[in-house]
Each structure stands twice: as structure tokens, then as C-alpha cells.
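Enquirer: Quick one: this structure, given as C-alpha cells, is what I'll be asking you about.
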Amino acid sequence: MTAVRLSHPHRPVRATIPLASSKSESNRALIIDALTGFRCDLTNLASARDTQTMIRLLKSTEQTADVLDAGTTMRFLTAYFTVTNQQKIMTGTARMCERPIGILVDALRSLGADITYLNNEGYPPLQLNGFTANGNSELSIRGDVSSQYVSALLMIAPLLPSGLTINLTGAVGSRPYIEMTIEQMRHFGAVVDTDWTANQLRVQPTPYTPQSYAVESDWSGASYWYSVAALADDDTAELELLGLKARSLQGDSAIVDIMRPLGVESTFTETGVQLTKRPAEPTLEWDFTNCPDLAQTVAVCAAMKGIRLTLTGIESLKIKETDRVAALQAELQKLGAELVEVETNHRYEVRRLMQPLETLSVPEIDTYDDHRMAMAFAPVAMLHPIVIHEPGVVAKSYPSFWDDMARVVTVEEV
């Protein structure tokens, strides 16, 4: 499909959504399983392309590991192949080769890795030439660029002869993702001590123990359904999202608190979470440092509801699948809204619609090879028809998204 047109069929919003599994949990579990010699029983693994790419490359004996556009897969596998002394070429799409990896490479080199850049310094493609532990058991790494670097190092640390102490410098972004990694490591027998006051993480040289592990549904995927509920013009709208837990390892479970002032109440059940409508508030200010993947969804939702939203902590969005800040600025204009930087310290505002919704033509949203752009804008259809270009990008994290959306809106190929 080159595009889909979404429009509200004007029927009551009642649906039960079997959410996709978490690719964040899946990809961590797969790396840990590989470090046990593939002796774990993993269930409910994500069907997302990123996870399927991870599975394929972990099984592959080919010298070149092409991660496509999967950033987590690139970073985790670079550390995994390094510590297991596998000689590989790490590469990906053109955009992946524009995403920095120098911080992780420098850390691995400090532990004994021989890694060569094949093109531009600090960026893929990489040549992994082998690993000889040099006795170093402590390093410092910036915590404000990507938590995936930290998670990659944490997961390989139990295999190092003396373990590893990681000192995080600067502000720590996406801390819940680091905590997710640590909790999953502990599930498989790793010994990890944390001192968040000093931003220090200590991993003992205790091998993983094979265990069973069931992956939770994806809270990032759930966020789009919160937006659907918030934008539904039916005050009695009800959505049930299956497979979510009240006490989740996933940082994006913050969507429960973010969406309450945007008009959505959450009630946890034995099978997941029930979403119902509640009165919305006129303004919202939120720091997305620990949940940057939610920013696009919340920005679009606030724009459509005419809620003045202030966002901070979205600096990392500029080095994702696309520059998500620039992409949001371009596409929100098509909805008669704007995302503006209001201060030099990366503080942004989504400003309310500048023209009545009914006077808008059908906006055509470009997705920039970014799955979250497609899914963040899809809930607009609850209020106004919308066209999403290159809808196939959702395969990266939520392959069944359009089939699920068809439960509440009309989805037509155009």
C-alpha cells in the first residue's frame, strides 16, 4: 500500500484490542537468552520487524549482520557479537548509518574490543574484529544520548571476568528503559546493584541462569489507543487493551498518567486495561525524558483536542528513525496546529488549532520512514478524515496496527 485513508464510521467506539507484544522486552530477552546458549523458554515474543530481525541475525552464520532500520538491534547485537568474540560487519539502512554509535564503540574498545569504522568515524557500518578482555571493569558513559548504549553494556557485563561498573555522566535519559534491562537481567540470575544517587550501576560476574520468560504487551503500542479514546467524540467510548500490567517494566506505561488530563481514565482488569472517557483539562506540561517514544502521539492528540501542551525532554527525538521534532513540526501544520520551540533549553509547545477543524481539507501525512509518525497521526480519524502515506512502516513495531484500527475506523487503501 502506498497510502491509507482513515475515516470515522460514526458508530459507537467499543473494541477489544489484542495488542502487539513489547519489542523492547523481546529484544532484551533474546540477547540474554543468547548469552545463556539459547536455553531459555521465551513466549509471546514480538512480531515486530525489529524483533524478527534480531531473531534472524542471532541465528545467522553470515559475516554481515544487516539490522535494517532497527536501532535497538544494532546496538544490542554490536555488544553481543563483540563479547562473544564473533567477527561481523554491522550495517543497516542509509538512515541507520547516519545514527551515531561512537559512544558504545568507545566503551567496548575500553573493555578490549577491536572495532573498525568502515565509512564515517562514529557511525555504522562497523567491522567487529574480535574481543580480548583487558581486565578493565569500570567505565564512564554519557547517560543523556541513548539508554540503548547503557543497556547493551549492562547485558554483556555478567560475561566479563570481573563484571562491570558503569558510571553515567550528565543527565540520565530514558531511565525506565535502563531499569527494564536491569529487572530482566535479574530475572535471569544476574546480580546488579544500582546507586541512582551517584548514577552508578554495578554488575557482578555472575553468569545468567536459563529461565522461562513471558513478554508483556507493548505500552508504546497502547499509546495510540489512548489517543483514539481521547479523540473519540462518543463520551461513552470504551476500549479494552489486552495483555498490559499495572506494574510494568516498560517506561511507556507513563501514558496512563499523561492521558488522564487529556481525557482518558484507565482501569486495570485481569486481562489488561479498560479505557473510558473523562473530562479533559485545558493545558498539560510533561517532561518526556523517560518516555520519548510517547511524544509524537501526545503532541498530535493535544493538537486535535485544542489543549495547550508543553513538552520538554524530547532532544533524543532528533536522532531516531527520522528527526521527529522536524517531522512533527511539518505534519502538525497540516492539521492547523504548530510545534514551536519557546525557549533555548529545548522547551516546546503544541499550540491549538489555528482554524476550525471542519474547514480543513483531508490532510495527507508523510511518515518519513518512521513507524511512530504513521501511528501517532492515525487517531486523528476519530475527528476528521486523514490519509497516511507509506502505511507499511508500522511493520517495524506493530504489524497488525491497521487491522486493529479497522475495529474503530474505516480503513481504505488509496
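In the C-alpha cells, chains take the letters A, B, ... in the order shown, each chain's residues start at 1, and ligands count up from 1 in the order shown.
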If you count only C-alpha atoms, which residues fall within 12 Å of Lys320 of chain A, apart from same-chain ones fewer than 3 positions away, as an MDAnalysis selection string?
Expert: chainID A and resid 69:72 95:100 145:146 148 292:293 314:317 323:327 368:373
Enquirer: Would you output that residue set with C-alpha atoms, as a compact mmCIF listing (two decimals), in the first residue's frame?
Expert:
# COMPACT_ATOMS: atom_id res chain seq x y z
CA ASP A 69 16.41 0.24 10.44
CA ALA A 70 16.42 -1.32 13.92
CA GLY A 71 18.42 0.88 16.29
CA THR A 72 18.00 -1.38 19.32
CA ARG A 95 19.34 6.22 7.86
CA MET A 96 20.79 3.66 10.29
CA CYS A 97 24.26 4.51 9.03
CA GLU A 98 23.54 8.16 9.93
CA ARG A 99 22.67 7.30 13.54
CA PRO A 100 25.64 7.65 15.93
CA VAL A 145 22.27 10.36 24.49
CA SER A 146 20.75 6.87 24.28
CA GLN A 148 20.36 1.66 24.49
CA PRO A 292 10.40 9.98 24.40
CA ASP A 293 8.53 7.50 22.17
CA ILE A 314 12.49 15.48 23.54
CA GLU A 315 16.07 16.16 22.41
CA SER A 316 16.68 12.47 21.60
CA LEU A 317 13.86 12.55 19.02
CA ASP A 323 14.30 13.87 13.04
CA ARG A 324 10.98 13.51 14.82
CA VAL A 325 10.88 17.11 16.00
CA ALA A 326 11.17 18.43 12.44
CA ALA A 327 8.71 15.80 11.18
CA TYR A 368 9.45 9.78 6.90
CA ASP A 369 10.14 6.01 7.16
CA ASP A 370 9.05 6.31 10.80
CA HIS A 371 6.50 3.87 12.22
CA ARG A 372 5.57 6.20 15.07
CA MET A 373 4.68 9.05 12.71
Enquirer: Considering only alpha helix (DSSP H) as DSSP defines it on the backbone, what residues of segment 137-316 of chain A qualify? List them as a PyMOL selection string.
Expert: chain A and resi 147-156+175-187+219-231+255-259+295-305
Enquirer: Could you name the residues that touch Phe38 of chain A at 12 Å or less, counting only C-alpha atoms, but leaving out those on the same chain fewer than 4 positions away, as a JSON list (two decimals) with C-alpha atoms, in the first residue's frame?
Expert:
[["chain", "number", "residue", "atom", "x", "y", "z"],
["A", 29, "ALA", "CA", 15.15, -11.27, 26.45],
["A", 30, "LEU", "CA", 16.59, -12.52, 23.16],
["A", 31, "ILE", "CA", 20.06, -11.15, 23.91],
["A", 32, "ILE", "CA", 20.04, -12.64, 27.41],
["A", 33, "ASP", "CA", 18.79, -15.96, 26.02],
["A", 34, "ALA", "CA", 21.66, -15.96, 23.51],
["A", 42, "LEU", "CA", 10.68, -17.26, 25.76],
["A", 55, "ILE", "CA", 15.94, -13.44, 15.88],
["A", 58, "LEU", "CA", 21.18, -14.25, 16.23],
["A", 59, "LYS", "CA", 20.72, -17.48, 14.25],
["A", 208, "TYR", "CA", 22.88, -15.91, 33.56],
["A", 209, "THR", "CA", 20.67, -18.84, 34.51],
["A", 210, "PRO", "CA", 18.23, -20.13, 31.86],
["A", 211, "GLN", "CA", 14.64, -19.24, 32.79],
["A", 212, "SER", "CA", 11.18, -19.00, 31.26]]
Enquirer: Please identify all polymer residues within 7 Å of Ile386 of chain A, counting only C-alpha atoms, omitting same-chain residues fewer than 5 positions from it, and present them as a list of chain:residue names.
Expert: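 Here the qualifying residues turn out to be A:Arg5, A:Leu6, A:Ser7, A:Val362, A:Pro363, A:Glu364, A:Val380, A:Ala381.
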Enquirer: Any chance you could export the current selection's N, CA and C atoms as a PDB file, in the first residue's frame?
Expert:
ATOM      1  N   ARG A   5      -6.541   5.749   3.695  1.00  0.00           N
ATOM      2  CA  ARG A   5      -7.428   6.818   4.133  1.00  0.00           C
ATOM      3  C   ARG A   5      -8.237   6.283   5.314  1.00  0.00           C
ATOM      4  N   LEU A   6      -8.226   7.032   6.398  1.00  0.00           N
ATOM      5  CA  LEU A   6      -8.956   6.656   7.604  1.00  0.00           C
ATOM      6  C   LEU A   6     -10.081   7.650   7.832  1.00  0.00           C
ATOM      7  N   SER A   7     -11.252   7.122   8.174  1.00  0.00           N
ATOM      8  CA  SER A   7     -12.377   7.999   8.491  1.00  0.00           C
ATOM      9  C   SER A   7     -13.259   7.324   9.531  1.00  0.00           C
ATOM     10  N   VAL A 362      -8.723  17.164   3.625  1.00  0.00           N
ATOM     11  CA  VAL A 362      -8.243  15.901   4.182  1.00  0.00           C
ATOM     12  C   VAL A 362      -6.718  15.948   4.207  1.00  0.00           C
ATOM     13  N   PRO A 363      -6.112  16.025   5.386  1.00  0.00           N
ATOM     14  CA  PRO A 363      -4.647  16.121   5.437  1.00  0.00           C
ATOM     15  C   PRO A 363      -3.985  14.824   4.997  1.00  0.00           C
ATOM     16  N   GLU A 364      -2.886  14.950   4.281  1.00  0.00           N
ATOM     17  CA  GLU A 364      -2.102  13.790   3.849  1.00  0.00           C
ATOM     18  C   GLU A 364      -0.776  13.817   4.588  1.00  0.00           C
ATOM     19  N   VAL A 380      -6.274  10.711  14.501  1.00  0.00           N
ATOM     20  CA  VAL A 380      -6.956  11.922  14.019  1.00  0.00           C
ATOM     21  C   VAL A 380      -8.276  11.559  13.351  1.00  0.00           C
ATOM     22  N   ALA A 381      -8.333  10.358  12.770  1.00  0.00           N
ATOM     23  CA  ALA A 381      -9.536   9.908  12.060  1.00  0.00           C
ATOM     24  C   ALA A 381     -10.768   9.863  12.943  1.00  0.00           C
TER      25      ALA A 381
END
Enquirer: Restricting the calculation to only C-alpha atoms: of A:Pro161, A:Ser253, A:Leu353, A:Leu231, which residue gets closest to His384 of chain A?
Expert: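 Among the listed residues, the smallest separation from His384 of chain A belongs to A:Leu231.
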Enquirer: Give me the residues within 12 Å of Glu281 of chain A as a PyMOL selection string, counting only C-alpha atoms and dropping any in the same chain fewer than 2 places off.
Expert: chain A and resi 230+258-264+278-279+283-285+302+305-309
Enquirer: Report as a PDB file with C-alpha atoms, in the first residue's frame: the residues of segment 116-250 of chain A with a DSSP assignment of strand (DSSP E or B), based on the backbone of this structure.
Expert:
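Output below, filename out-v2.pdb:
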ATOM      1  CA  THR A 116      36.883  -0.557  12.932  1.00  0.00           C
ATOM      2  CA  TYR A 117      34.666   2.017  11.239  1.00  0.00           C
ATOM      3  CA  LEU A 126      31.352  -1.332  11.623  1.00  0.00           C
ATOM      4  CA  GLN A 127      33.811  -4.209  11.415  1.00  0.00           C
ATOM      5  CA  LEU A 128      33.966  -6.269  14.618  1.00  0.00           C
ATOM      6  CA  ASN A 129      37.428  -7.885  14.643  1.00  0.00           C
ATOM      7  CA  GLY A 130      37.368  -9.716  17.962  1.00  0.00           C
ATOM      8  CA  PHE A 131      37.476  -9.237  21.712  1.00  0.00           C
ATOM      9  CA  GLU A 138      34.841   0.187  35.136  1.00  0.00           C
ATOM     10  CA  LEU A 139      33.888   2.818  32.595  1.00  0.00           C
ATOM     11  CA  SER A 140      32.039   6.100  32.284  1.00  0.00           C
ATOM     12  CA  ILE A 141      29.437   6.749  29.612  1.00  0.00           C
ATOM     13  CA  ARG A 142      27.076   9.613  28.865  1.00  0.00           C
ATOM     14  CA  LEU A 164      31.439  -4.112  35.147  1.00  0.00           C
ATOM     15  CA  THR A 165      30.789  -0.833  36.936  1.00  0.00           C
ATOM     16  CA  ILE A 166      29.144   1.823  34.749  1.00  0.00           C
ATOM     17  CA  ASN A 167      29.258   5.472  35.783  1.00  0.00           C
ATOM     18  CA  LEU A 168      26.608   7.522  33.993  1.00  0.00           C
ATOM     19  CA  THR A 169      27.628  11.108  33.321  1.00  0.00           C
ATOM     20  CA  VAL A 192      23.079  -5.896  39.550  1.00  0.00           C
ATOM     21  CA  ASP A 193      23.459  -3.154  42.161  1.00  0.00           C
ATOM     22  CA  THR A 194      22.205   0.365  41.447  1.00  0.00           C
ATOM     23  CA  ASP A 195      23.098   3.672  43.058  1.00  0.00           C
ATOM     24  CA  GLN A 200      26.409   4.163  39.197  1.00  0.00           C
ATOM     25  CA  LEU A 201      25.472   0.637  38.078  1.00  0.00           C
ATOM     26  CA  ARG A 202      27.469  -2.417  39.199  1.00  0.00           C
ATOM     27  CA  VAL A 203      27.148  -5.847  37.570  1.00  0.00           C
ATOM     28  CA  SER A 212      11.183 -19.000  31.264  1.00  0.00           C
ATOM     29  CA  TYR A 213      10.014 -15.506  30.357  1.00  0.00           C
ATOM     30  CA  ALA A 214       6.679 -14.221  29.001  1.00  0.00           C
ATOM     31  CA  SER A 217       2.114  -6.400  25.581  1.00  0.00           C
ATOM     32  CA  GLU A 238     -14.749   2.050  25.757  1.00  0.00           C
ATOM     33  CA  LEU A 239     -11.601   0.246  24.678  1.00  0.00           C
ATOM     34  CA  GLU A 240     -10.025  -2.779  26.335  1.00  0.00           C
ATOM     35  CA  LEU A 241      -6.305  -3.296  25.701  1.00  0.00           C
ATOM     36  CA  LEU A 242      -5.213  -6.859  26.362  1.00  0.00           C
TER      37      LEU A 242
END
Enquirer: Could I get the residues of segment 143-233 of chain A with an atom no further than 9 Å from an atom of segment 83-91 of chain A, each paired with its nearest atom pair and that distance in Å to one decimal, using only C-alpha atoms, sorted by chain and residue number, as CSV?
Expert:
residue,atom,partner,partner_atom,distance
A:Ile156,CA,A:Val83,CA,6.7
A:Ala157,CA,A:Val83,CA,8.9
A:Leu159,CA,A:Val83,CA,7.6
A:Leu160,CA,A:Val83,CA,8.0
Enquirer: Can you spit out the residues from that selection as a CSV table (one decimal), in the first residue's frame, using C-alpha atoms?
Expert:
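Dumped to again_5.csv:
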chain,number,residue,atom,x,y,z
A,156,ILE,CA,27.0,-8.3,28.4
A,157,ALA,CA,28.6,-7.4,31.7
A,159,LEU,CA,30.2,-12.4,31.0
A,160,LEU,CA,33.2,-10.1,31.7
Enquirer: Between A:Ile103, A:Ile319, A:Ala237, A:Val393, which residue has the minimum interatomic distance to His10 of chain A, considering only C-alpha atoms?
Expert: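 Of A:Ile103, A:Ile319, A:Ala237, A:Val393, the one nearest His10 of chain A, counting only C-alpha atoms, is A:Ala237.
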Enquirer: Write out as a PDB file with N, CA and C atoms, in the first residue's frame the residues lying within 9 Å of Val340 of chain A, counting only C-alpha atoms and excluding same-chain residues fewer than 6 positions away.
Expert:
ATOM      1  N   GLN A 329       6.801  19.038  13.359  1.00  0.00           N
ATOM      2  CA  GLN A 329       6.540  20.435  13.002  1.00  0.00           C
ATOM      3  C   GLN A 329       5.919  20.542  11.615  1.00  0.00           C
ATOM      4  N   ARG A 347      12.527  23.598  25.156  1.00  0.00           N
ATOM      5  CA  ARG A 347      11.142  23.585  25.639  1.00  0.00           C
ATOM      6  C   ARG A 347      10.251  23.885  24.436  1.00  0.00           C
ATOM      7  N   TYR A 348       9.274  23.016  24.213  1.00  0.00           N
ATOM      8  CA  TYR A 348       8.410  23.151  23.037  1.00  0.00           C
ATOM      9  C   TYR A 348       6.950  23.270  23.460  1.00  0.00           C
ATOM     10  N   GLU A 349       6.168  23.885  22.580  1.00  0.00           N
ATOM     11  CA  GLU A 349       4.724  23.958  22.809  1.00  0.00           C
ATOM     12  C   GLU A 349       3.981  23.494  21.564  1.00  0.00           C
ATOM     13  N   VAL A 350       2.911  22.735  21.783  1.00  0.00           N
ATOM     14  CA  VAL A 350       1.934  22.466  20.739  1.00  0.00           C
ATOM     15  C   VAL A 350       0.812  23.468  20.938  1.00  0.00           C
ATOM     16  N   ARG A 351       0.563  24.250  19.930  1.00  0.00           N
ATOM     17  CA  ARG A 351      -0.441  25.299  20.037  1.00  0.00           C
ATOM     18  C   ARG A 351      -1.699  24.891  19.316  1.00  0.00           C
TER      19      ARG A 351
END
Enquirer: Using only C-alpha atoms, which protein or nucleic acid residues come within 12 Å of Val273 of chain A? Drop anything in the same chain fewer than 5 positions from it, and give the result as a count of residues only.
Expert: 27
Enquirer: Could you jot down the atom CA of Trp196 of chain A to atom CA of Thr297 of chain A separation for me, Å, one decimal place?
Expert: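 These atoms are spaced 29.3 Å apart.
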Enquirer: So which one's closest to Asp234 of chain A, A:Ala190, A:Met54, A:Leu383, A:Leu104? Using only C-alpha atoms, please.
Expert: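 Counting only C-alpha atoms, the residue closest to Asp234 of chain A is A:Leu383.
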Enquirer: With distances taken over only C-alpha atoms, which of A:Ser227, A:Asn27, A:Asn134, A:Gln250 is nearest to Arg175 of chain A?
Expert: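 Ranking A:Ser227, A:Asn27, A:Asn134, A:Gln250 by distance to Arg175 of chain A, first place goes to A:Gln250.
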